[in-house]
Amino acid sequence: MISRSYVISGPYNRQGYTNTSHSREDALVQEDVAPIRVGLLGAGTVGSQTARLLVEQKDELAARIGRPIELTGVACLDPSETDPFPWIDKSVVTTDTMSVATNADIVVELIGGTGVARKFVLAAIESGASVVTANKALLAKYGPEIYAAAEAKGVDIYFEASVGGAIPFLKPLRESLVGDKVTSMLGIVNGTTNYILDEMTTKGLDFDDVLKDAQAKGYAEADPTGDIEGYDAANKAAIMATLGFHTNVTIDDVSVEGITKITLEDVANADKLGCVIKLLGRSVRCEDGTAYAYVAPHLIHKESPLAAVEDVFNAIMVDGNATGEVMFYGKGAGKLATASAVVADMLDSIEHKDRRRRIMWGDGSKKLLRPLDTLRSAWYVRFKGAREDIESILPVESLSEPVEGVFVVQTSKIPTAEMDAAAEKLNAVGKVCAAMRIL
Ligand code: HSE
């Protein structure tokens, strides 16, 4: 029988509790209580660092929540994967992932992907555990199903690390900004592509060369498709739109365009127009309650705070009808940074164990997303052809002198459907080499 006597205590340590200290870590500590059992699925880059933080900060974390946290299971494909991590107790390492997923108070899913991760997360929920995950692809695809399962079981799912890595973004979005009606979210949410575009802009380096450099530095995956084709950002945009607009948005609802077609010519043209090119995840709520969500490269004016986001950093601007603009900025990736967000979620989950957090995730029946056809934007167009064709087909705001028959056009604001139709006509008489929204 667990005793539930409480004492006000100073830092918890191996020698026992003390109530003589009044340090910052003073906390309400339950004596003689069973530890919180944590099962870790995946001991890779983020998993190993999560284990490290749990071990290195054991005393502080226990003091904070009043109970020790114990890593009772670490599941991985091959136990030798944990050899480089001396802080992981080898006696709890196993290849039996299902047993770890179903024998813990909190299950931390860091396997990644949309395959087996779904099975283990659903099993963990079914066993009564709360789940912490950094898996944006899983949530963007199966979020409604997973959250419904958690709701039915009365447990919770936390996923701060899935968007913006170490940046506290989802929690402020669903808590601090809850009194606000979010009208738009605009973000650089993929560090790899921001690095590539930044290097192209500041050093004049070619896309392929910077991509190789990004892979060598460990930013981009060996198969970088998810980053450069925009899918990683689209997963994050789906999660952001879900929380910001209180509806279910999945990856299938998000229109995606990556950065693979961007050339140094576009980068130079953007500069002449006073802009830089950034891959943005954007969601906008319309007056009638519907919303747009998409990922695409944009020209943004150099005065925009987003233009100053360099290297692999992320930044997200949220606009609300009460708060106005709020900006979040920081490291969007990195093993320790992401692990820190995972550990914070675990503490949140423990502190709210008896009263689940509602994240306003709908039941899947409400679909607010609409196609982009009616979204109005100014456009940058690089076109090889005749001036008369441009002037008769596009609402021209500015037009460059041609260089080897190529014009740079800036249009007035037009709906996407109108731009698509114009591009089709222009391609019949010349070649649209590039077209991007200008913000
Ligand atoms: N590949 C991702 C990025 C990692 O570059 O942002 C973090 O989700």
# chains A, B, ... in the order shown; residues from 1 in each chain; ligands from 1
$ residues_near_ligand --ligand "ligand 1" --cutoff "9 Å" --atoms "only C-alpha atoms and all ligand atoms" --output "ChimeraX atom specification"
/A:134-136,161-165,188-195,219-221,224,226-228,232-233,236,312-314,331-334,338
$ select_by_dssp --residues "segment 135-164 of chain A" --states "alpha helix (DSSP H)" --output "PyMOL selection string"
chain A and resi 136-153
$ residues_around --residues "Ile277 of chain A" --least-positions-apart "6" --cutoff "7 Å" --atoms "only C-alpha atoms" --output "list in words"
Leu197, Val267, Ala270, Pro297, His298, Leu299 and Ile300 of chain A
$ residues_around --residues "Cys76 of chain A" --least-positions-apart "6" --cutoff "8 Å" --atoms "only C-alpha atoms" --output "ChimeraX atom specification"
/A:41-43,93-97
$ write_last_selection --atoms "N, CA and C atoms" --output "PDB file, in the first residue's frame"
ATOM      1  N   LEU A  41      10.703   4.080 -25.896  1.00  0.00           N
ATOM      2  CA  LEU A  41      10.705   3.316 -27.151  1.00  0.00           C
ATOM      3  C   LEU A  41      11.641   4.007 -28.132  1.00  0.00           C
ATOM      4  N   GLY A  42      12.808   3.431 -28.346  1.00  0.00           N
ATOM      5  CA  GLY A  42      13.783   4.039 -29.257  1.00  0.00           C
ATOM      6  C   GLY A  42      14.910   4.671 -28.461  1.00  0.00           C
ATOM      7  N   ALA A  43      16.138   4.220 -28.730  1.00  0.00           N
ATOM      8  CA  ALA A  43      17.299   4.780 -28.017  1.00  0.00           C
ATOM      9  C   ALA A  43      18.268   5.383 -29.015  1.00  0.00           C
ATOM     10  N   VAL A  93      17.277  -2.698 -20.851  1.00  0.00           N
ATOM     11  CA  VAL A  93      17.238  -2.608 -22.320  1.00  0.00           C
ATOM     12  C   VAL A  93      16.714  -3.923 -22.895  1.00  0.00           C
ATOM     13  N   THR A  94      15.791  -3.804 -23.837  1.00  0.00           N
ATOM     14  CA  THR A  94      15.195  -5.009 -24.415  1.00  0.00           C
ATOM     15  C   THR A  94      14.797  -4.766 -25.875  1.00  0.00           C
ATOM     16  N   THR A  95      14.630  -5.880 -26.578  1.00  0.00           N
ATOM     17  CA  THR A  95      14.088  -5.758 -27.943  1.00  0.00           C
ATOM     18  C   THR A  95      12.573  -5.982 -27.933  1.00  0.00           C
ATOM     19  N   ASP A  96      12.026  -6.265 -26.763  1.00  0.00           N
ATOM     20  CA  ASP A  96      10.582  -6.518 -26.648  1.00  0.00           C
ATOM     21  C   ASP A  96       9.851  -5.178 -26.466  1.00  0.00           C
ATOM     22  N   THR A  97       9.646  -4.500 -27.573  1.00  0.00           N
ATOM     23  CA  THR A  97       9.075  -3.144 -27.520  1.00  0.00           C
ATOM     24  C   THR A  97       7.671  -3.150 -26.922  1.00  0.00           C
TER      25      THR A  97
END
$ select_by_dssp --residues "segment 96-313 of chain A" --states "strand (DSSP E or B)" --output "PyMOL selection string"
chain A and resi 106-109+130-133+157-158+182-188+255-256+275-285+291-301+313
$ closest_residue --among "A:Asp420, A:Lys431, A:Gln49, A:Val107" --to "Val406 of chain A" --atoms "only C-alpha atoms"
A:Lys431
$ atom_distance --atom1 "atom CA of Ile167 of chain A" --atom2 "atom CA of Thr133 of chain A"
15.2 Å
$ residues_around --residues "Ser184 of chain A" --least-positions-apart "4" --cutoff "9 Å" --atoms "only C-alpha atoms" --output "list in words"
Ala241, Gly244, Arg282, Ser283, Val284, Arg285, Met317, Val318, Asp319 and Gly320 of chain A
$ residues_around --residues "Thr50 of chain A" --least-positions-apart "3" --cutoff "12 Å" --atoms "only C-alpha atoms" --output "number ranges by chain"
A: 38-47, 53-58, 71, 74, 85, 87-88, 108-110, 132-134, 161, 334-346
$ closest_residue --among "A:Val408, A:Val295, A:Ala148, A:Ala322" --to "Leu177 of chain A" --atoms "only C-alpha atoms"
A:Ala322
$ atom_distance --atom1 "atom CA of Ala75 of chain A" --atom2 "atom CA of Ala129 of chain A"
15.9 Å
